[in-house]
>>> print(open('run07.tsv').read())   # TSV, C-alpha atoms and all ligand atoms
chain	number	residue	atom	x	y	z
A	26	MET	CA	-37.45	8.45	75.46
A	27	ASN	CA	-37.47	11.68	77.43
A	28	THR	CA	-34.04	11.78	79.07
A	29	LEU	CA	-34.59	15.26	80.56
A	30	ASN	CA	-37.48	14.17	82.72
A	31	THR	CA	-35.47	12.58	85.51
A	32	THR	CA	-36.30	14.79	88.52
A	33	VAL	CA	-38.08	12.89	91.26
A	34	THR	CA	-41.07	14.74	92.73
A	35	SER	CA	-43.02	13.88	95.86
A	36	GLU	CA	-46.68	12.95	95.46
A	37	ALA	CA	-47.79	16.34	96.76
A	38	GLU	CA	-45.91	18.04	93.98
A	39	GLN	CA	-47.50	15.96	91.24
A	40	PRO	CA	-49.60	18.06	88.86
A	41	GLU	CA	-53.34	17.46	89.03
A	42	GLU	CA	-54.57	14.83	86.65
A	43	SER	CA	-56.29	16.29	83.63
A	44	THR	CA	-59.32	14.61	82.09
A	45	ILE	CA	-57.84	15.23	78.63
A	46	PRO	CA	-54.95	12.89	77.94
A	47	VAL	CA	-51.81	14.97	77.92
A	48	GLN	CA	-49.35	14.22	75.20
A	49	GLU	CA	-45.91	13.93	76.65
A	50	GLU	CA	-43.99	14.79	73.54
A	51	ARG	CA	-44.75	16.61	70.33
A	52	PRO	CA	-44.92	14.25	67.35
A	53	ALA	CA	-41.42	13.60	66.07
A	54	GLU	CA	-42.36	13.26	62.41
A	55	THR	CA	-43.41	16.24	60.35
A	56	LYS	CA	-42.79	15.30	56.71
A	57	ILE	CA	-44.40	12.62	54.57
A	58	ASP	CA	-41.77	10.15	53.50
A	59	GLU	CA	-43.32	8.20	50.62
A	60	GLY	CA	-43.60	4.50	51.35
A	61	LYS	CA	-42.72	4.97	55.00
A	62	THR	CA	-45.44	4.71	57.62
A	63	VAL	CA	-44.72	5.62	61.22
A	64	GLY	CA	-45.93	3.39	64.06
A	65	GLN	CA	-46.75	-0.30	63.62
A	66	PRO	CA	-48.02	-1.05	60.13
A	67	PHE	CA	-47.17	-4.77	60.34
A	68	SER	CA	-48.64	-7.58	62.43
A	69	GLU	CA	-47.48	-10.95	63.67
A	70	ASP	CA	-50.40	-12.91	62.26
A	71	PRO	CA	-51.49	-11.09	59.11
A	72	LYS	CA	-54.72	-11.92	57.30
A	73	PHE	CA	-53.79	-9.40	54.61
A	74	LYS	CA	-50.22	-8.68	53.57
A	75	LEU	CA	-50.23	-5.56	51.42
A	76	ARG	CA	-46.95	-4.30	50.00
A	77	ASN	CA	-46.09	-1.24	47.89
A	78	VAL	CA	-49.68	-0.80	46.84
A	79	GLU	CA	-50.42	1.94	44.33
A	80	VAL	CA	-53.78	2.72	42.77
A	81	PHE	CA	-54.22	4.85	39.67
A	82	TYR	CA	-57.37	6.41	38.21
A	83	GLY	CA	-56.11	7.07	34.69
A	84	GLN	CA	-52.93	9.08	35.24
A	85	ASP	CA	-53.81	10.10	38.81
A	86	ARG	CA	-52.12	8.19	41.58
A	87	ALA	CA	-54.70	7.93	44.37
A	88	ILE	CA	-52.74	5.47	46.56
A	89	LYS	CA	-49.02	6.05	46.92
A	90	ASN	CA	-46.81	3.12	47.85
A	91	ILE	CA	-48.67	1.80	50.87
A	92	SER	CA	-47.51	-1.25	52.82
A	93	LEU	CA	-49.70	-2.61	55.60
A	94	ASP	CA	-50.66	-5.83	57.35
A	95	ILE	CA	-54.16	-6.41	58.62
A	96	GLY	CA	-54.16	-8.95	61.43
A	97	ARG	CA	-56.41	-11.96	61.81
A	98	ASN	CA	-59.48	-11.08	63.92
A	99	GLU	CA	-58.34	-7.51	64.09
A	100	VAL	CA	-60.62	-4.49	63.84
A	101	ILE	CA	-58.69	-1.78	62.03
A	102	ALA	CA	-60.08	1.71	61.41
A	103	PHE	CA	-59.12	3.80	58.39
A	104	ILE	CA	-59.34	7.52	59.08
A	105	GLY	CA	-58.26	10.67	57.24
A	106	PRO	CA	-59.55	13.72	55.39
A	107	SER	CA	-62.03	13.37	52.54
A	108	GLY	CA	-60.37	12.29	49.29
A	109	CYS	CA	-57.27	10.80	50.96
A	110	GLY	CA	-57.92	7.33	49.50
A	111	LYS	CA	-59.60	5.35	52.30
A	112	SER	CA	-62.37	3.92	50.13
A	113	THR	CA	-60.02	3.31	47.21
A	114	PHE	CA	-57.64	1.32	49.41
A	115	LEU	CA	-60.50	-0.57	51.09
A	116	ARG	CA	-61.92	-1.59	47.72
A	117	CYS	CA	-58.58	-3.14	46.73
A	118	LEU	CA	-59.09	-5.78	49.42
A	119	ASN	CA	-61.91	-7.56	47.59
A	120	ARG	CA	-61.26	-6.20	44.10
A	121	MET	CA	-64.27	-3.92	44.12
A	122	ASN	CA	-62.13	-1.49	42.08
A	123	ASP	CA	-62.24	-3.99	39.19
A	124	SER	CA	-65.56	-2.51	38.11
A	125	ILE	CA	-64.02	0.96	37.62
A	126	ASP	CA	-62.59	0.93	34.07
A	127	ILE	CA	-59.87	3.56	34.58
A	128	CYS	CA	-58.68	2.06	37.86
A	129	ARG	CA	-55.38	0.13	38.01
A	130	VAL	CA	-53.94	-1.53	41.11
A	131	LYS	CA	-50.19	-2.23	41.47
A	132	GLY	CA	-48.10	-3.90	44.15
A	133	SER	CA	-48.49	-7.10	46.11
A	134	LEU	CA	-51.80	-7.78	47.86
A	135	GLN	CA	-52.17	-11.12	49.62
A	136	LEU	CA	-55.00	-12.71	51.55
A	137	ASP	CA	-53.75	-15.66	53.61
A	138	ASP	CA	-50.54	-15.65	51.55
A	139	HIS	CA	-52.38	-15.90	48.21
A	140	ASP	CA	-52.38	-13.14	45.61
A	141	ILE	CA	-55.72	-11.31	45.60
A	142	TYR	CA	-55.05	-10.13	42.03
A	143	ASP	CA	-54.04	-13.52	40.63
A	144	PRO	CA	-55.81	-13.61	37.22
A	145	LYS	CA	-56.90	-17.17	37.99
A	146	ARG	CA	-58.65	-16.12	41.18
A	147	ASP	CA	-62.43	-16.54	41.36
A	148	VAL	CA	-63.61	-13.04	42.26
A	149	VAL	CA	-67.07	-14.24	43.33
A	150	GLU	CA	-65.46	-16.59	45.85
A	151	LEU	CA	-63.09	-13.80	46.97
A	152	ARG	CA	-66.04	-11.49	47.68
A	153	ALA	CA	-67.80	-14.24	49.61
A	154	ARG	CA	-64.70	-14.45	51.83
A	155	VAL	CA	-64.24	-10.69	51.97
A	156	GLY	CA	-67.71	-9.16	52.30
A	157	MET	CA	-68.54	-5.50	52.11
A	158	VAL	CA	-70.99	-3.08	53.69
A	159	PHE	CA	-71.37	0.31	52.04
A	160	GLN	CA	-72.10	3.78	53.35
A	161	LYS	CA	-75.59	3.83	51.89
A	162	PRO	CA	-77.65	0.74	52.69
A	163	ASN	CA	-78.30	-1.05	49.40
A	164	PRO	CA	-80.83	-3.85	50.01
A	165	PHE	CA	-82.08	-5.67	46.96
A	166	PRO	CA	-85.72	-4.90	46.05
A	167	LYS	CA	-86.72	-8.28	47.44
A	168	SER	CA	-88.13	-9.56	50.71
A	169	ILE	CA	-86.12	-9.36	53.93
A	170	TYR	CA	-85.74	-13.16	53.83
A	171	ASP	CA	-84.55	-13.21	50.22
A	172	ASN	CA	-81.97	-10.49	50.86
A	173	VAL	CA	-80.26	-12.58	53.51
A	174	ALA	CA	-80.79	-15.87	51.66
A	175	TYR	CA	-79.35	-14.48	48.41
A	176	GLY	CA	-75.67	-15.24	49.08
A	177	PRO	CA	-76.16	-18.68	50.66
A	178	ARG	CA	-78.36	-19.62	47.67
A	179	ILE	CA	-75.87	-18.59	44.97
A	180	HIS	CA	-72.99	-20.19	46.86
A	181	GLY	CA	-74.98	-23.37	47.51
A	182	LEU	CA	-74.51	-23.16	51.28
A	183	ALA	CA	-77.86	-24.70	52.16
A	184	ASN	CA	-79.37	-27.83	50.65
A	185	ARG	CA	-82.64	-27.79	52.52
A	186	LYS	CA	-85.15	-25.03	53.23
A	187	SER	CA	-84.67	-25.62	56.96
A	188	ASP	CA	-80.90	-25.04	56.61
A	189	LEU	CA	-81.53	-21.81	54.76
A	190	ASP	CA	-84.06	-20.72	57.39
A	191	GLU	CA	-81.44	-21.30	60.04
A	192	ILE	CA	-78.78	-19.25	58.22
A	193	VAL	CA	-81.26	-16.41	57.72
A	194	GLU	CA	-82.30	-16.41	61.36
A	195	ASN	CA	-78.74	-16.61	62.67
A	196	SER	CA	-77.53	-13.83	60.41
A	197	LEU	CA	-80.43	-11.58	61.39
A	198	ARG	CA	-79.81	-12.36	65.05
A	199	LYS	CA	-76.12	-11.50	64.76
A	200	ALA	CA	-77.03	-8.24	63.05
A	201	GLY	CA	-79.39	-7.42	65.95
A	202	LEU	CA	-82.42	-7.37	63.68
A	203	TRP	CA	-84.23	-10.67	64.26
A	204	ASP	CA	-86.69	-9.48	66.91
A	205	GLU	CA	-87.69	-6.51	64.79
A	206	VAL	CA	-88.35	-8.46	61.60
A	207	LYS	CA	-89.12	-12.09	62.53
A	208	ASP	CA	-92.84	-11.60	61.92
A	209	ARG	CA	-92.42	-9.92	58.56
A	210	LEU	CA	-89.69	-11.78	56.74
A	211	ASP	CA	-91.74	-11.64	53.54
A	212	ALA	CA	-92.06	-7.85	53.63
A	213	THR	CA	-90.02	-5.92	51.12
A	214	ALA	CA	-86.65	-4.75	52.44
A	215	THR	CA	-86.86	-1.31	50.90
A	216	GLY	CA	-89.74	-0.52	53.27
A	217	MET	CA	-87.48	-0.72	56.32
A	218	SER	CA	-85.91	2.26	58.12
A	219	GLY	CA	-82.39	3.29	57.12
A	220	GLY	CA	-80.85	1.79	60.25
A	221	GLN	CA	-82.74	-1.46	59.74
A	222	GLN	CA	-81.69	-1.57	56.10
A	223	GLN	CA	-78.05	-1.15	57.11
A	224	ARG	CA	-78.30	-3.97	59.65
A	225	LEU	CA	-80.00	-6.07	56.95
A	226	CYS	CA	-77.03	-5.41	54.65
A	227	ILE	CA	-74.72	-6.54	57.43
A	228	ALA	CA	-76.85	-9.69	57.90
A	229	ARG	CA	-76.62	-10.27	54.13
A	230	ALA	CA	-72.84	-9.83	54.23
A	231	ILE	CA	-72.35	-12.27	57.11
A	232	ALA	CA	-74.84	-14.87	55.83
A	233	VAL	CA	-72.15	-16.39	53.62
A	234	SER	CA	-69.78	-16.71	56.64
A	235	PRO	CA	-67.11	-14.37	55.33
A	236	GLU	CA	-63.67	-14.22	56.93
A	237	VAL	CA	-63.41	-10.46	56.52
A	238	VAL	CA	-65.99	-7.68	56.55
A	239	LEU	CA	-65.10	-4.35	54.93
A	240	MET	CA	-67.26	-1.44	56.09
A	241	ASP	CA	-67.12	1.93	54.37
A	242	GLU	CA	-68.65	4.50	56.74
A	243	PRO	CA	-71.42	2.08	57.72
A	244	CYS	CA	-72.98	4.42	60.27
A	245	SER	CA	-72.80	7.76	58.50
A	246	ALA	CA	-76.52	7.77	57.71
A	247	LEU	CA	-77.65	6.36	61.06
A	248	ASP	CA	-78.92	7.82	64.31
A	249	PRO	CA	-76.98	7.25	67.56
A	250	ILE	CA	-79.15	4.26	68.58
A	251	ALA	CA	-78.67	2.42	65.29
A	252	THR	CA	-74.99	3.40	65.37
A	253	ALA	CA	-74.60	1.93	68.85
A	254	LYS	CA	-76.19	-1.34	67.66
A	255	ILE	CA	-73.77	-1.58	64.77
A	256	GLU	CA	-70.80	-0.83	67.02
A	257	GLU	CA	-71.93	-3.59	69.40
A	258	LEU	CA	-72.20	-5.89	66.44
A	259	ILE	CA	-68.66	-5.02	65.30
A	260	ALA	CA	-67.37	-5.92	68.76
A	261	GLU	CA	-69.16	-9.30	68.60
A	262	LEU	CA	-68.10	-10.03	65.04
A	263	SER	CA	-64.47	-9.27	65.81
A	264	GLU	CA	-64.31	-12.49	67.82
A	265	SER	CA	-64.38	-14.47	64.61
A	266	TYR	CA	-63.92	-12.04	61.72
A	267	THR	CA	-61.36	-9.53	60.52
A	268	ILE	CA	-62.99	-6.12	60.17
A	269	VAL	CA	-61.84	-3.03	58.32
A	270	ILE	CA	-63.94	0.05	58.97
A	271	VAL	CA	-63.64	3.45	57.31
A	272	THR	CA	-65.03	6.15	59.54
A	273	HIS	CA	-65.08	9.93	59.84
A	274	SER	CA	-65.95	9.60	63.52
A	275	MET	CA	-62.88	9.65	65.72
A	276	GLN	CA	-65.02	8.47	68.65
A	277	GLN	CA	-66.21	5.52	66.62
A	278	ALA	CA	-62.66	4.56	65.64
A	279	ALA	CA	-61.64	4.83	69.29
A	280	ARG	CA	-64.60	2.71	70.46
A	281	VAL	CA	-64.45	-0.15	67.97
A	282	SER	CA	-60.93	-0.61	66.64
A	283	HIS	CA	-57.74	-2.23	67.84
A	284	ARG	CA	-55.51	-0.34	65.42
A	285	THR	CA	-56.08	2.87	63.53
A	286	ALA	CA	-54.54	3.85	60.19
A	287	TYR	CA	-54.26	7.52	59.26
A	288	PHE	CA	-54.32	8.31	55.51
A	289	HIS	CA	-53.30	11.63	54.01
A	290	LEU	CA	-53.34	12.54	50.28
A	291	GLY	CA	-52.95	8.90	49.23
A	292	HIS	CA	-50.18	8.17	51.75
A	293	LEU	CA	-50.48	5.95	54.79
A	294	VAL	CA	-48.90	8.29	57.31
A	295	GLU	CA	-49.32	6.46	60.60
A	296	VAL	CA	-50.66	3.17	61.93
A	297	ASN	CA	-50.69	2.14	65.54
A	298	GLU	CA	-52.74	0.76	68.39
A	299	THR	CA	-55.82	2.96	68.49
A	300	ASN	CA	-55.20	4.41	71.94
A	301	LYS	CA	-51.67	5.38	70.91
A	302	VAL	CA	-52.88	7.11	67.76
A	303	PHE	CA	-55.39	9.14	69.74
A	304	THR	CA	-53.26	9.95	72.79
A	305	SER	CA	-49.74	10.17	71.42
A	306	PRO	CA	-49.62	10.35	67.65
A	307	LYS	CA	-46.12	10.14	66.24
A	308	HIS	CA	-46.79	12.23	63.14
A	309	GLN	CA	-47.75	15.87	63.18
A	310	LEU	CA	-50.31	15.34	60.40
A	311	THR	CA	-52.07	12.70	62.49
A	312	GLU	CA	-52.09	15.04	65.45
A	313	SER	CA	-53.50	17.90	63.39
A	314	TYR	CA	-56.29	15.66	62.11
A	315	ILE	CA	-57.32	14.11	65.41
A	316	THR	CA	-57.28	17.46	67.17
A	317	GLY	CA	-59.55	18.86	64.45
A	318	ARG	CA	-57.10	21.29	62.89
A	319	PHE	CA	-58.00	20.06	59.43
A	320	GLY	CA	-60.06	17.46	57.62
B	1	LIG	N1	-64.13	6.31	40.33
B	1	LIG	C1	-63.16	7.23	40.40
B	1	LIG	N2	-62.66	7.81	39.29
B	1	LIG	C2	-61.68	8.74	39.36
B	1	LIG	N3	-61.13	9.18	40.52
B	1	LIG	C3	-61.60	8.64	41.66
B	1	LIG	C4	-62.64	7.65	41.67
B	1	LIG	N4	-62.89	7.32	42.96
B	1	LIG	C5	-62.06	8.07	43.71
B	1	LIG	N5	-61.28	8.86	42.94
B	1	LIG	C6	-60.27	9.81	43.41
B	1	LIG	O1	-59.35	9.11	44.24
B	1	LIG	C7	-59.02	9.89	45.38
B	1	LIG	C8	-59.36	9.12	46.65
B	1	LIG	O2	-60.77	8.98	46.71
B	1	LIG	P1	-61.50	8.08	47.81
B	1	LIG	O3	-62.93	8.01	47.43
B	1	LIG	O4	-60.76	6.80	47.93
B	1	LIG	O5	-61.28	8.96	49.11
B	1	LIG	P2	-61.88	8.78	50.59
B	1	LIG	O6	-60.73	8.92	51.52
B	1	LIG	O7	-62.70	7.55	50.66
B	1	LIG	O8	-62.80	10.09	50.72
B	1	LIG	P3	-64.20	10.29	51.53
B	1	LIG	O9	-63.82	10.41	52.97
B	1	LIG	O10	-64.73	11.59	50.97
B	1	LIG	O11	-65.08	9.12	51.23
B	1	LIG	C9	-59.76	11.20	45.24
B	1	LIG	O12	-58.89	12.16	44.67
B	1	LIG	C10	-60.88	10.88	44.29
B	1	LIG	O13	-61.24	11.99	43.53
B	2	MG	MG	-64.73	7.19	50.98
>>> encode(input="run07.tsv", output="structure tokens", more="lines below")
Ligand SMILES: Nc1ncnc2c1ncn2[C@@H]1O[C@H](COP(=O)(O)OP(=O)(O)OP(=O)(O)O)[C@@H](O)[C@H]1O
Ligand SMILES: [Mg+2]
Amino acid sequence: MNTLNTTVTSEAEQPEESTIPVQEERPAETKIDEGKTVGQPFSEDPKFKLRNVEVFYGQDRAIKNISLDIGRNEVIAFIGPSGCGKSTFLRCLNRMNDSIDICRVKGSLQLDDHDIYDPKRDVVELRARVGMVFQKPNPFPKSIYDNVAYGPRIHGLANRKSDLDEIVENSLRKAGLWDEVKDRLDATATGMSGGQQQRLCIARAIAVSPEVVLMDEPCSALDPIATAKIEELIAELSESYTIVIVTHSMQQAARVSHRTAYFHLGHLVEVNETNKVFTSPKHQLTESYITGRFG
């Protein structure tokens, strides 16, 4: 609290309002205190409870004692300079790191109060609940229909062809792609534009009705129109899903997310409501990053 700012001024004396949000105070924190994140890293109704998470690639510690909650139906953005560990941390949430031989994950990671890393856990079922969309669209070399139907088929979500048709149509509609592809569902997916392929991958991810969608820079290869469609979609999906999005676009984080998490050299430096992070960061490193001084 600023105790010095107690002078009462008349309206005429008020400074003119600037279009750029003025930060009232300089960030209080300057050092990284391992394991301590400034702001609000915890939530009242967590979908994920992540405590003292560390990730190693061989001897290298890429994630350093991070504790964070991700709320139910929250959109949280992960930001930070290249190499700070955003993708590594994201991949812990559905055990995508399992496929990297030298990668080890430590700490407590819970989804709905159950251990994500429980050896008895069915990883296929976990990834159906926690879907993922990657930076580069990766449709299967199959038809548009078969891409979306793939997950529901392997998980036995539709008994009849008409049920499967309905899932495919609904998923493509939610991904904002139905009108563009409804007359060519049998065409091969790799013949679509990059933006269409990315929306197809989102349709494929949501076709199995996941509870969480992880997105790692989903718009980095897209033009502004395709990007806007995906951002609209994120807003719609957030009504029923939890979404974690890694982005290098500060504007995107500001537009789509409720909370923003700032990573730096494997540390989680600051987490807070997105508007707070962008208008009054509490840590100097966050401020330097969002004002473009590094990263
Ligand atoms: N498969 C891997 N094997 C070894 N080291 C890795 C591997 N993947 C990532 N790393 C290392 O872990 C650290 C974090 O990488 P990560 O890809 O998570 O960063 P990032 O924040 O997603 O970066 P970017 O913004 O460039 O995508 C880096 O030092 C990186 O070199
Ligand atoms: Mg990355």
>>> residues_around(input="run07.tsv", residues="region 189-191 of chain A", least_positions_apart="4", cutoff="9 Å", atoms="only C-alpha atoms", output="list in words")
Tyr170, Ala174, Pro177, Arg178, Leu182, Ala183, Asn184, Arg185, Asn195 and Ser196 of chain A
>>> write_last_selection(input="run07.tsv", atoms="C-alpha atoms", output="PDB file, keeping the file's coordinate frame")
ATOM      1  CA  TYR A 170     -85.740 -13.160  53.830  1.00  0.00           C
ATOM      2  CA  ALA A 174     -80.790 -15.870  51.660  1.00  0.00           C
ATOM      3  CA  PRO A 177     -76.160 -18.680  50.660  1.00  0.00           C
ATOM      4  CA  ARG A 178     -78.360 -19.620  47.670  1.00  0.00           C
ATOM      5  CA  LEU A 182     -74.510 -23.160  51.280  1.00  0.00           C
ATOM      6  CA  ALA A 183     -77.860 -24.700  52.160  1.00  0.00           C
ATOM      7  CA  ASN A 184     -79.370 -27.830  50.650  1.00  0.00           C
ATOM      8  CA  ARG A 185     -82.640 -27.790  52.520  1.00  0.00           C
ATOM      9  CA  ASN A 195     -78.740 -16.610  62.670  1.00  0.00           C
ATOM     10  CA  SER A 196     -77.530 -13.830  60.410  1.00  0.00           C
TER      11      SER A 196
END
>>> residues_near_point(input="run07.tsv", point="(-51.1, 3.8, 62.4)", cutoff="7 Å", atoms="all atoms listed in the file", output="ChimeraX atom specification")
/A:63-66,284-287,295-298,302
>>> residues_near_ligand(input="run07.tsv", ligand="ligand LIG 1 (chain B)", cutoff="9 Å", atoms="only C-alpha atoms and all ligand atoms", output="PyMOL selection string")
chain A and resi 80-83+85-88+103-116+122+125-128+241-242+271-273+288-291
>>> closest_residue(input="run07.tsv", among="A:Ala232, A:Val78, A:Ile270, A:Ile179", to="ligand MG 2 (chain B)", atoms="only C-alpha atoms and all ligand atoms")
A:Ile270
>>> residues_around(input="run07.tsv", residues="Tyr266 (chain A)", least_positions_apart="3", cutoff="12 Å", atoms="only C-alpha atoms", output="ChimeraX atom specification")
/A:72,95-101,154-156,230-231,234-239,258-263,269
>>> closest_residue(input="run07.tsv", among="A:Lys254, A:Lys61, A:Arg198, A:Lys167", to="Gly216 (chain A)", atoms="all atoms listed in the file")
A:Lys167
>>> closest_residue(input="run07.tsv", among="A:Arg229, A:Lys145, A:Arg152, A:His308", to="Asp171 (chain A)", atoms="only C-alpha atoms")
A:Arg229
>>> closest_residue(input="run07.tsv", among="A:Ala53, A:Ile250, A:Val294, A:Met240", to="ligand MG 2 (chain B)", atoms="all atoms listed in the file")
A:Met240
>>> atom_distance(input="run07.tsv", atom1="CA of Asn119 (chain A)", atom2="CA of Ala153 (chain A)")
9.1 Å
>>> atom_distance(input="run07.tsv", atom1="CA of Val206 (chain A)", atom2="CA of Val158 (chain A)")
19.8 Å
>>> residues_around(input="run07.tsv", residues="Glu205 (chain A)", least_positions_apart="3", cutoff="12 Å", atoms="all atoms listed in the file", output="list of chain:residue names")
A:Ile169, A:Glu194, A:Leu197, A:Arg198, A:Ala200, A:Gly201, A:Leu202, A:Asp208, A:Arg209, A:Leu210, A:Met217, A:Ser218, A:Gly220, A:Gln221, A:Gln222, A:Arg224, A:Leu225
>>> closest_residue(input="run07.tsv", among="A:Val281, A:Asp137, A:Lys161, A:Asp94", to="ligand MG 2 (chain B)", atoms="all atoms listed in the file")
A:Lys161
>>> atom_distance(input="run07.tsv", atom1="CA of Ala279 (chain A)", atom2="CA of Glu256 (chain A)")
11.0 Å
>>> closest_residue(input="run07.tsv", among="A:Trp203, A:Phe165, A:Tyr142, A:Phe159", to="ligand MG 2 (chain B)", atoms="all atoms listed in the file")
A:Phe159
>>> residues_around(input="run07.tsv", residues="Gly60 (chain A)", least_positions_apart="2", cutoff="9 Å", atoms="only C-alpha atoms", output="list in words")
Ile57, Asp58, Thr62, Asn77, Lys89, Asn90, Ile91, Ser92, His292, Leu293 and Val294 of chain A
